[in-house]
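Shown next: work.pdb, given as PDB, C-alpha atoms and all ligand atoms.
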ATOM      1  CA  MET A   4     189.980 238.737 184.225
ATOM      2  CA  THR A   5     191.525 240.271 187.315
ATOM      3  CA  VAL A   6     194.526 238.388 188.694
ATOM      4  CA  GLY A   7     193.601 236.568 191.894
ATOM      5  CA  ALA A   8     189.884 236.654 191.084
ATOM      6  CA  VAL A   9     187.683 233.589 190.833
ATOM      7  CA  THR A  10     185.848 233.360 187.492
ATOM      8  CA  ALA A  11     182.137 234.296 187.437
ATOM      9  CA  ASP A  12     181.062 230.626 187.407
ATOM     10  CA  GLY A  13     183.183 229.957 190.514
ATOM     11  CA  ARG A  14     185.106 227.208 188.709
ATOM     12  CA  ALA A  15     188.610 228.658 188.302
ATOM     13  CA  ARG A  16     191.063 231.083 189.791
ATOM     14  CA  VAL A  17     193.009 233.480 187.587
ATOM     15  CA  LEU A  18     196.755 233.166 188.171
ATOM     16  CA  ALA A  19     199.291 235.996 187.988
ATOM     17  CA  ASP A  20     200.437 234.764 184.555
ATOM     18  CA  GLY A  21     196.852 234.864 183.220
ATOM     19  CA  ASN A  22     196.304 231.091 183.214
ATOM     20  CA  GLN A  23     193.263 229.682 185.024
ATOM     21  CA  LEU A  24     193.567 227.061 187.776
ATOM     22  CA  PRO A  25     190.348 225.000 188.189
ATOM     23  CA  MET A  26     188.982 225.254 191.749
ATOM     24  CA  LEU A  27     188.469 221.461 191.912
ATOM     25  CA  GLY A  28     190.990 218.783 191.003
ATOM     26  CA  LEU A  29     191.625 215.116 191.743
ATOM     27  CA  GLY A  30     194.773 214.413 193.802
ATOM     28  CA  VAL A  31     196.543 211.084 193.249
ATOM     29  CA  TRP A  32     199.121 210.900 196.050
ATOM     30  CA  GLN A  33     199.396 207.321 197.366
ATOM     31  CA  VAL A  34     197.442 205.952 194.401
ATOM     32  CA  PRO A  35     199.479 203.093 192.919
ATOM     33  CA  ASN A  36     200.509 203.291 189.269
ATOM     34  CA  GLY A  37     198.270 200.913 187.283
ATOM     35  CA  PRO A  38     194.541 200.176 187.107
ATOM     36  CA  VAL A  39     193.635 201.825 190.435
ATOM     37  CA  CYS A  40     195.073 205.151 189.303
ATOM     38  CA  VAL A  41     193.810 204.807 185.715
ATOM     39  CA  ASN A  42     190.284 204.156 187.005
ATOM     40  CA  ALA A  43     190.308 207.022 189.517
ATOM     41  CA  VAL A  44     191.428 209.538 186.899
ATOM     42  CA  ARG A  45     189.072 208.135 184.235
ATOM     43  CA  TRP A  46     186.094 208.347 186.624
ATOM     44  CA  ALA A  47     187.038 211.874 187.643
ATOM     45  CA  LEU A  48     187.151 212.974 183.998
ATOM     46  CA  GLU A  49     183.806 211.243 183.324
ATOM     47  CA  LEU A  50     182.326 213.040 186.333
ATOM     48  CA  GLY A  51     183.431 216.455 185.087
ATOM     49  CA  TYR A  52     186.776 217.025 186.819
ATOM     50  CA  ARG A  53     189.141 218.965 184.558
ATOM     51  CA  HIS A  54     192.192 219.109 186.839
ATOM     52  CA  ILE A  55     194.511 216.302 187.976
ATOM     53  CA  ASP A  56     197.310 216.725 190.532
ATOM     54  CA  THR A  57     200.232 214.298 190.299
ATOM     55  CA  ALA A  58     203.988 214.443 191.004
ATOM     56  CA  GLN A  59     207.231 212.783 189.992
ATOM     57  CA  ALA A  60     207.441 211.423 193.549
ATOM     58  CA  TYR A  61     204.016 209.708 193.271
ATOM     59  CA  GLY A  62     205.250 207.332 190.545
ATOM     60  CA  ASN A  63     201.897 207.365 188.726
ATOM     61  CA  GLU A  64     202.284 209.912 185.920
ATOM     62  CA  GLU A  65     202.014 207.085 183.359
ATOM     63  CA  SER A  66     198.579 206.098 184.648
ATOM     64  CA  VAL A  67     197.402 209.706 184.668
ATOM     65  CA  GLY A  68     198.450 209.997 181.008
ATOM     66  CA  ARG A  69     196.805 206.723 180.063
ATOM     67  CA  ALA A  70     193.504 207.701 181.705
ATOM     68  CA  LEU A  71     193.594 211.083 179.991
ATOM     69  CA  ARG A  72     194.062 209.456 176.571
ATOM     70  CA  ASP A  73     191.412 206.764 177.268
ATOM     71  CA  SER A  74     188.883 209.367 178.429
ATOM     72  CA  GLY A  75     188.564 211.053 175.051
ATOM     73  CA  VAL A  76     188.468 214.437 176.812
ATOM     74  CA  PRO A  77     190.546 216.866 174.710
ATOM     75  CA  ARG A  78     193.981 217.510 176.218
ATOM     76  CA  GLU A  79     193.429 221.277 176.193
ATOM     77  CA  ASP A  80     190.351 220.912 178.427
ATOM     78  CA  VAL A  81     192.285 219.274 181.303
ATOM     79  CA  PHE A  82     194.631 221.088 183.673
ATOM     80  CA  ILE A  83     197.537 218.819 184.636
ATOM     81  CA  THR A  84     199.885 219.582 187.505
ATOM     82  CA  THR A  85     203.076 217.687 188.207
ATOM     83  CA  LYS A  86     205.877 218.425 190.651
ATOM     84  CA  PHE A  87     209.663 218.481 190.432
ATOM     85  CA  TYR A  88     211.206 216.033 192.889
ATOM     86  CA  PRO A  89     213.874 218.217 194.533
ATOM     87  CA  GLY A  90     216.143 215.265 195.361
ATOM     88  CA  HIS A  91     217.057 215.520 191.673
ATOM     89  CA  ARG A  92     219.111 218.400 190.244
ATOM     90  CA  ASP A  93     217.637 219.584 186.963
ATOM     91  CA  PRO A  94     214.005 220.746 186.726
ATOM     92  CA  VAL A  95     214.203 220.895 182.897
ATOM     93  CA  ALA A  96     215.486 217.339 182.439
ATOM     94  CA  GLU A  97     212.956 216.018 184.979
ATOM     95  CA  ALA A  98     210.089 217.905 183.296
ATOM     96  CA  GLU A  99     211.024 216.251 179.992
ATOM     97  CA  GLN A 100     210.812 212.843 181.696
ATOM     98  CA  SER A 101     207.416 213.742 183.193
ATOM     99  CA  LEU A 102     206.066 214.740 179.772
ATOM    100  CA  ARG A 103     207.259 211.436 178.342
ATOM    101  CA  ARG A 104     205.545 209.468 181.134
ATOM    102  CA  LEU A 105     202.356 211.535 180.871
ATOM    103  CA  GLY A 106     202.381 211.353 177.066
ATOM    104  CA  VAL A 107     201.729 215.092 176.663
ATOM    105  CA  ASP A 108     203.708 217.945 175.101
ATOM    106  CA  GLN A 109     203.287 220.315 178.018
ATOM    107  CA  VAL A 110     201.877 220.348 181.549
ATOM    108  CA  ASP A 111     199.758 223.211 182.845
ATOM    109  CA  LEU A 112     201.528 223.670 186.171
ATOM    110  CA  TYR A 113     204.944 222.501 187.375
ATOM    111  CA  LEU A 114     205.725 222.927 191.089
ATOM    112  CA  ILE A 115     208.867 222.491 193.193
ATOM    113  CA  HIS A 116     207.525 219.780 195.513
ATOM    114  CA  TRP A 117     209.242 221.083 198.665
ATOM    115  CA  PRO A 118     212.139 223.445 199.471
ATOM    116  CA  GLN A 119     214.799 220.776 199.993
ATOM    117  CA  ARG A 120     218.336 222.292 200.096
ATOM    118  CA  GLY A 121     216.802 225.770 200.237
ATOM    119  CA  PRO A 122     213.990 227.614 198.458
ATOM    120  CA  THR A 123     215.843 229.310 195.556
ATOM    121  CA  TRP A 124     218.328 226.939 193.840
ATOM    122  CA  ALA A 125     215.767 225.137 191.643
ATOM    123  CA  TRP A 126     213.841 228.239 190.581
ATOM    124  CA  PRO A 127     216.063 229.246 187.587
ATOM    125  CA  GLY A 128     215.542 225.700 186.215
ATOM    126  CA  MET A 129     211.782 226.044 186.724
ATOM    127  CA  GLU A 130     211.855 229.345 184.805
ATOM    128  CA  ARG A 131     213.783 227.631 181.998
ATOM    129  CA  ALA A 132     211.190 224.828 181.895
ATOM    130  CA  ARG A 133     208.504 227.425 181.324
ATOM    131  CA  GLU A 134     210.528 229.382 178.745
ATOM    132  CA  ARG A 135     211.014 226.125 176.799
ATOM    133  CA  GLY A 136     207.263 225.523 176.783
ATOM    134  CA  LEU A 137     207.396 222.378 178.932
ATOM    135  CA  THR A 138     204.806 223.933 181.254
ATOM    136  CA  ARG A 139     202.363 226.839 181.045
ATOM    137  CA  SER A 140     202.748 227.925 184.687
ATOM    138  CA  ILE A 141     205.342 227.383 187.404
ATOM    139  CA  GLY A 142     205.010 227.439 191.153
ATOM    140  CA  VAL A 143     206.059 225.919 194.450
ATOM    141  CA  SER A 144     204.702 223.695 197.186
ATOM    142  CA  ASN A 145     205.320 223.572 200.931
ATOM    143  CA  PHE A 146     206.943 227.038 200.864
ATOM    144  CA  SER A 147     206.616 229.309 203.930
ATOM    145  CA  ALA A 148     206.158 233.088 203.642
ATOM    146  CA  ALA A 149     209.913 233.522 204.227
ATOM    147  CA  ASP A 150     210.757 230.949 201.521
ATOM    148  CA  LEU A 151     208.461 232.726 199.058
ATOM    149  CA  ASP A 152     210.039 236.105 199.769
ATOM    150  CA  LYS A 153     213.442 234.642 198.900
ATOM    151  CA  VAL A 154     212.196 233.189 195.593
ATOM    152  CA  ALA A 155     210.364 236.416 194.713
ATOM    153  CA  THR A 156     213.568 238.403 195.294
ATOM    154  CA  ALA A 157     215.903 235.995 193.498
ATOM    155  CA  GLY A 158     213.728 235.057 190.512
ATOM    156  CA  THR A 159     212.618 236.728 187.297
ATOM    157  CA  VAL A 160     208.991 235.719 187.847
ATOM    158  CA  VAL A 161     207.113 235.049 191.085
ATOM    159  CA  PRO A 162     205.620 231.549 191.566
ATOM    160  CA  ALA A 163     202.020 231.480 190.298
ATOM    161  CA  VAL A 164     200.966 228.949 192.961
ATOM    162  CA  ASN A 165     201.972 227.727 196.414
ATOM    163  CA  GLN A 166     200.360 224.339 197.079
ATOM    164  CA  VAL A 167     200.182 223.770 200.848
ATOM    165  CA  GLN A 168     198.331 221.749 203.464
ATOM    166  CA  PHE A 169     195.198 223.818 204.120
ATOM    167  CA  SER A 170     191.904 223.089 205.894
ATOM    168  CA  PRO A 171     189.909 224.517 208.809
ATOM    169  CA  PHE A 172     192.399 222.714 211.073
ATOM    170  CA  GLU A 173     195.399 224.043 209.147
ATOM    171  CA  ASP A 174     194.175 227.560 208.459
ATOM    172  CA  ARG A 175     197.509 229.187 207.616
ATOM    173  CA  ARG A 176     196.120 232.707 207.546
ATOM    174  CA  ALA A 177     199.424 234.593 207.668
ATOM    175  CA  LEU A 178     200.798 232.404 204.850
ATOM    176  CA  LEU A 179     197.636 233.040 202.820
ATOM    177  CA  ALA A 180     197.982 236.798 203.383
ATOM    178  CA  ALA A 181     201.671 236.732 202.373
ATOM    179  CA  CYS A 182     200.772 234.807 199.203
ATOM    180  CA  GLU A 183     197.955 237.228 198.333
ATOM    181  CA  ARG A 184     200.378 240.175 198.696
ATOM    182  CA  LEU A 185     202.701 238.545 196.133
ATOM    183  CA  ASN A 186     199.822 237.437 193.853
ATOM    184  CA  VAL A 187     200.623 233.785 194.562
ATOM    185  CA  ALA A 188     197.523 231.545 194.542
ATOM    186  CA  VAL A 189     197.318 229.192 197.523
ATOM    187  CA  GLU A 190     196.092 225.726 196.546
ATOM    188  CA  ALA A 191     194.884 223.383 199.327
ATOM    189  CA  TYR A 192     196.385 219.931 199.541
ATOM    190  CA  SER A 193     195.016 217.350 202.006
ATOM    191  CA  PRO A 194     191.782 219.394 202.268
ATOM    192  CA  LEU A 195     190.153 216.417 204.055
ATOM    193  CA  GLY A 196     193.182 215.987 206.343
ATOM    194  CA  THR A 197     194.053 212.798 204.373
ATOM    195  CA  GLY A 198     190.650 211.617 205.618
ATOM    196  CA  ARG A 199     191.210 212.439 209.310
ATOM    197  CA  HIS A 200     189.080 215.609 209.435
ATOM    198  CA  LEU A 201     185.958 213.871 208.106
ATOM    199  CA  SER A 202     185.059 212.427 211.513
ATOM    200  CA  ASP A 203     185.516 215.656 213.505
ATOM    201  CA  ALA A 204     182.450 216.471 215.618
ATOM    202  CA  THR A 205     182.215 220.130 214.544
ATOM    203  CA  VAL A 206     182.569 219.263 210.860
ATOM    204  CA  ARG A 207     179.856 216.629 211.229
ATOM    205  CA  ARG A 208     177.544 219.047 213.069
ATOM    206  CA  VAL A 209     177.942 221.730 210.385
ATOM    207  CA  ALA A 210     177.347 219.081 207.710
ATOM    208  CA  GLN A 211     174.157 217.904 209.371
ATOM    209  CA  ARG A 212     172.888 221.487 209.703
ATOM    210  CA  ALA A 213     173.653 222.209 206.032
ATOM    211  CA  GLY A 214     172.184 218.900 204.869
ATOM    212  CA  ARG A 215     175.516 217.976 203.249
ATOM    213  CA  THR A 216     178.390 215.538 203.905
ATOM    214  CA  PRO A 217     181.548 216.252 205.966
ATOM    215  CA  ALA A 218     183.626 216.182 202.740
ATOM    216  CA  HIS A 219     181.334 218.811 201.197
ATOM    217  CA  VAL A 220     181.781 221.058 204.224
ATOM    218  CA  LEU A 221     185.592 220.810 204.282
ATOM    219  CA  LEU A 222     185.922 221.411 200.537
ATOM    220  CA  ARG A 223     183.354 224.202 200.424
ATOM    221  CA  TRP A 224     185.139 225.991 203.297
ATOM    222  CA  CYS A 225     188.247 226.259 201.084
ATOM    223  CA  LEU A 226     186.250 227.429 198.056
ATOM    224  CA  GLN A 227     184.604 230.175 200.111
ATOM    225  CA  HIS A 228     188.103 231.351 201.098
ATOM    226  CA  GLY A 229     188.996 231.475 197.360
ATOM    227  CA  ILE A 230     191.274 228.428 197.623
ATOM    228  CA  PRO A 231     191.279 225.628 194.991
ATOM    229  CA  VAL A 232     191.079 222.044 196.347
ATOM    230  CA  ILE A 233     192.477 218.699 195.145
ATOM    231  CA  PRO A 234     190.793 215.941 197.218
ATOM    232  CA  LYS A 235     191.987 212.382 196.596
ATOM    233  CA  SER A 236     189.828 209.286 196.351
ATOM    234  CA  THR A 237     190.012 205.980 194.524
ATOM    235  CA  HIS A 238     186.266 205.332 194.978
ATOM    236  CA  ARG A 239     183.916 206.417 192.205
ATOM    237  CA  GLU A 240     181.094 207.438 194.538
ATOM    238  CA  ARG A 241     183.438 209.570 196.659
ATOM    239  CA  ILE A 242     185.005 211.184 193.584
ATOM    240  CA  ALA A 243     181.433 212.059 192.545
ATOM    241  CA  GLU A 244     180.525 213.310 196.038
ATOM    242  CA  ASN A 245     183.597 215.554 196.222
ATOM    243  CA  ALA A 246     182.574 217.315 193.013
ATOM    244  CA  GLN A 247     179.180 218.401 194.404
ATOM    245  CA  ILE A 248     180.498 221.579 196.002
ATOM    246  CA  PHE A 249     179.331 224.314 193.640
ATOM    247  CA  ASP A 250     175.606 224.184 194.407
ATOM    248  CA  PHE A 251     175.435 225.355 198.034
ATOM    249  CA  THR A 252     176.888 227.980 200.360
ATOM    250  CA  LEU A 253     177.987 227.714 203.974
ATOM    251  CA  SER A 254     176.507 230.468 206.133
ATOM    252  CA  GLY A 255     178.644 233.073 207.884
ATOM    253  CA  ALA A 256     177.999 231.272 211.180
ATOM    254  CA  ASP A 257     179.091 227.914 209.708
ATOM    255  CA  MET A 258     182.263 229.489 208.294
ATOM    256  CA  ALA A 259     183.065 231.109 211.657
ATOM    257  CA  GLU A 260     182.602 227.813 213.488
ATOM    258  CA  LEU A 261     184.964 226.099 211.040
ATOM    259  CA  ASP A 262     187.498 228.968 211.146
ATOM    260  CA  ALA A 263     187.748 228.415 214.912
ATOM    261  CA  LEU A 264     189.111 224.868 214.398
ATOM    262  CA  ASP A 265     192.566 226.111 213.359
ATOM    263  CA  ARG A 266     195.448 224.437 215.206
ATOM    264  CA  THR A 267     198.288 226.395 213.592
ATOM    265  CA  ARG A 268     197.483 229.773 215.192
ATOM    266  CA  GLY A 269     197.199 231.273 211.734
ATOM    267  CA  THR A 270     200.816 230.501 210.940
ATOM    268  CA  ASP A 271     202.850 231.826 207.996
ATOM    269  CA  ARG A 272     204.649 228.485 207.776
ATOM    270  CA  ALA A 273     203.741 225.784 205.277
ATOM    271  CA  LEU A 274     204.181 222.934 207.741
ATOM    272  CA  GLU A 275     204.885 222.631 211.412
ATOM    273  CA  ARG A 276     207.581 220.027 210.656
ATOM    274  CA  GLY A 277     209.112 219.438 207.207
ATOM    275  CA  TRP A 278     209.808 215.868 206.059
ATOM    276  CA  TRP A 279     212.821 216.856 203.945
TER
HETATM  277  N1  LIG A 301     202.362 219.043 197.577
HETATM  278  C1  LIG A 301     202.422 218.160 198.552
HETATM  279  O1  LIG A 301     203.431 218.029 199.260
HETATM  280  C2  LIG A 301     201.209 217.333 198.837
HETATM  281  C3  LIG A 301     201.107 216.628 200.050
HETATM  282  C4  LIG A 301     199.943 215.890 200.273
HETATM  283  C5  LIG A 301     198.935 215.858 199.329
HETATM  284  N2  LIG A 301     199.086 216.535 198.145
HETATM  285  C6  LIG A 301     198.041 216.497 197.085
HETATM  286  O2  LIG A 301     196.762 216.695 197.672
HETATM  287  C7  LIG A 301     195.925 215.603 197.372
HETATM  288  C8  LIG A 301     194.889 215.360 198.463
HETATM  289  O3  LIG A 301     195.493 215.182 199.723
HETATM  290  P1  LIG A 301     195.545 213.759 200.474
HETATM  291  O4  LIG A 301     195.777 212.678 199.485
HETATM  292  O5  LIG A 301     196.501 213.930 201.602
HETATM  293  O6  LIG A 301     194.136 213.552 201.136
HETATM  294  P2  LIG A 301     192.660 214.187 201.211
HETATM  295  O7  LIG A 301     192.165 214.516 199.862
HETATM  296  O8  LIG A 301     192.688 215.229 202.264
HETATM  297  O9  LIG A 301     191.880 212.908 201.777
HETATM  298  C9  LIG A 301     191.907 211.689 201.072
HETATM  299  C10 LIG A 301     191.434 210.578 201.996
HETATM  300  O10 LIG A 301     190.070 210.756 202.313
HETATM  301  C11 LIG A 301     189.288 209.681 201.785
HETATM  302  N3  LIG A 301     188.117 210.304 201.144
HETATM  303  C12 LIG A 301     188.106 211.107 200.044
HETATM  304  N4  LIG A 301     186.865 211.560 199.789
HETATM  305  C13 LIG A 301     186.073 211.023 200.732
HETATM  306  C14 LIG A 301     184.687 211.121 200.986
HETATM  307  N5  LIG A 301     183.883 211.863 200.212
HETATM  308  N6  LIG A 301     184.167 210.434 202.046
HETATM  309  C15 LIG A 301     184.974 209.684 202.834
HETATM  310  N7  LIG A 301     186.312 209.559 202.645
HETATM  311  C16 LIG A 301     186.853 210.229 201.602
HETATM  312  C17 LIG A 301     190.181 208.957 200.795
HETATM  313  O11 LIG A 301     189.897 207.565 200.788
HETATM  314  P3  LIG A 301     189.731 206.692 199.451
HETATM  315  O12 LIG A 301     190.809 207.052 198.490
HETATM  316  O13 LIG A 301     189.880 205.282 199.983
HETATM  317  O14 LIG A 301     188.350 206.975 198.935
HETATM  318  C18 LIG A 301     191.568 209.207 201.380
HETATM  319  O15 LIG A 301     191.845 208.288 202.429
HETATM  320  C19 LIG A 301     196.932 214.458 197.176
HETATM  321  O16 LIG A 301     196.386 213.322 196.558
HETATM  322  C20 LIG A 301     197.997 215.150 196.386
HETATM  323  O17 LIG A 301     197.622 215.277 195.024
HETATM  324  C21 LIG A 301     200.192 217.275 197.894
END

Would you encode the structure as structure tokens?
Amino acid sequence: MTVGAVTADGRARVLADGNQLPMLGLGVWQVPNGPVCVNAVRWALELGYRHIDTAQAYGNEESVGRALRDSGVPREDVFITTKFYPGHRDPVAEAEQSLRRLGVDQVDLYLIHWPQRGPTWAWPGMERARERGLTRSIGVSNFSAADLDKVATAGTVVPAVNQVQFSPFEDRRALLAACERLNVAVEAYSPLGTGRHLSDATVRRVAQRAGRTPAHVLLRWCLQHGIPVIPKSTHRERIAENAQIFDFTLSGADMAELDALDRTRGTDRALERGWW
């Protein structure tokens, strides 16, 4: 498969290292460790999700691991992402702790959560984590085009993924273009705007015209730009709804109307204001 291409069934994107990132995943930010998280992940796996996005900072890796074991879905069929918390020093030691909490031998993708104290210092440790087999792929999150250039120059391998806030309202076109040039797959976090974009009048109008829901429209917009999505929900019916995005297409006119919602002026930055 060609690097950067989406597989013929539209379900995965081929990363620069040859691994495949499923186009749909369940995000679990702000989902408390315990039954709420276990249920959300278990439902997602029952409903056909094969990709879960967690992080050391979310404090719920244990529940993700428990749900995975309870589900009976073979480990090799599920793509698990976790993220290095960059307030800590050693990506290898922290990956080992993540694997223990998740109860798995290896994750599929390990990301630097944000470029705290600069974009390059943690990358050698991320490369070591991959060399030691703790993760199949490594990448970054919340990295601007300039941050990525620095990592690409300093590192042995280029990040396979840059997970950033992306939606019609945060249509970071210059960042997307910079990532494509480096063969870095952009992955969309907060594709529903943490829920805020669902009530937008344009999104609702497009949804009505397409006979779909606002969540479908926002998620499908990313897919049609070749960008994997990781919507979060703790409600079974919404987790099910968010998976129904492979059986319709938004028209060129719908896509253009959504493209016009961008508030970032097509920025090459990952965020307008960092929290670190
Ligand atoms: N790398 C990073 O720095 C970073 C930052 C932010 C997020 N992320 C990742 O991206 C994931 C998704 O982003 P997010 O958590 O900000 O939010 P999101 O997926 O954009 O939106 C989630 C919100 O929308 C609601 N919702 C979900 N589906 C819905 C539907 N079909 N109809 C109505 N409401 C719906 C959810 O409510 P309920 O849960 O109550 O259903 C929740 O309040 C995170 O969980 C995390 O894995 C990563």

field: Separation of atom CA of A:Glu244 from atom CA of A:Ala204 in Å
entry: 19.9 Å

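Comparing the minimum interatomic distances between A:Arg72 and each of A:Leu102, A:Leu195, A:Ala47, A:Val107, counting all atoms listed in the file, we find that A:Val107 sits nearest.
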
message: Residues proximal to (209.8, 217.2, 188.2) were defined as those with any atom within 9 Å of that point in the file's coordinates, counting only C-alpha atoms. Which are they, as JSON, numbers by chain?
response: {"A": [58, 59, 60, 85, 86, 87, 88, 89, 91, 93, 94, 95, 96, 97, 98, 99, 100, 101, 113, 114, 115, 116]}

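Near (217.4, 233.0, 202.4), the residues that fall inside 8 Å on the basis of all atoms listed in the file are Gly121, Pro122, Thr123, Ala149, Asp150 and Lys153 of chain A.
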
field: Residue contacts of A:Ile230 (7 Å, all atoms listed in the file) excluding same-chain residues fewer than 2 positions away, as a list in words
entry: Val189, Glu190, Ala191, Cys225, Leu226, His228 and Val232 of chain A

Once you add 8 Å to each side, what are the centre and edge lengths of the axis-aligned box holding all listed atoms of ligand LIG 301 (chain A)? One decimal in Å, as lines of an AutoDock Vina configuration file, if you can.
center_x = 193.7
center_y = 212.2
center_z = 198.9
size_x = 35.5
size_y = 29.8
size_z = 23.8

field: Selection under test: the PyMOL selection byres (((chain A and resi 32) around 8) and not hetatm); residues as number ranges by chain
entry: A: 30-31, 33-34, 57-58, 61, 235

message: Show me, as a ChimeraX atom specification, the residues that have an atom within 12 Å of A:Glu275 when counting all atoms listed in the file, minus same-chain residues fewer than 6 positions from it.
response: /A:145-147,167-168,173,175,266-269

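Here atom P3 of ligand LIG 301 (chain A) stands at a distance of 15.2 Å from atom CA of A:Asn36.
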
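Counting all atoms listed in the file and comparing A:Leu48, A:Leu24, A:Ala243, A:Val161, the residue that lies closest to ligand LIG 301 (chain A) is A:Ala243.
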
What's around A:Gln109 at 10 Å? Count only C-alpha atoms, leave out sequence neighbours fewer than 5 positions away in its own chain, and write the answer as an mmCIF file with C-alpha atoms, keeping the file's coordinate frame.
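Dumped everything to part-v3.cif:
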data_model
loop_
_atom_site.group_PDB
_atom_site.id
_atom_site.type_symbol
_atom_site.label_atom_id
_atom_site.label_comp_id
_atom_site.auth_asym_id
_atom_site.auth_seq_id
_atom_site.Cartn_x
_atom_site.Cartn_y
_atom_site.Cartn_z
ATOM 1 C CA ARG A 78 193.981 217.510 176.218
ATOM 2 C CA ILE A 83 197.537 218.819 184.636
ATOM 3 C CA ALA A 98 210.089 217.905 183.296
ATOM 4 C CA GLU A 99 211.024 216.251 179.992
ATOM 5 C CA SER A 101 207.416 213.742 183.193
ATOM 6 C CA LEU A 102 206.066 214.740 179.772
ATOM 7 C CA ARG A 103 207.259 211.436 178.342
ATOM 8 C CA ALA A 132 211.190 224.828 181.895
ATOM 9 C CA ARG A 133 208.504 227.425 181.324
ATOM 10 C CA ARG A 135 211.014 226.125 176.799
ATOM 11 C CA GLY A 136 207.263 225.523 176.783
ATOM 12 C CA LEU A 137 207.396 222.378 178.932
ATOM 13 C CA THR A 138 204.806 223.933 181.254
ATOM 14 C CA ARG A 139 202.363 226.839 181.045
#

field: Output of the PyMOL selection byres (((chain A and resi 160) around 12) and not hetatm), listed as a VMD selection string
entry: chain A and resid 19 to 20 126 to 127 129 to 131 133 to 134 140 to 142 151 to 159 161 to 164 185 to 187

message: Counting all atoms listed in the file, which residue out of A:Gly68, A:Gly28, A:Gly214, A:Pro234 sits closest to ligand LIG 301 (chain A)?
response: A:Pro234
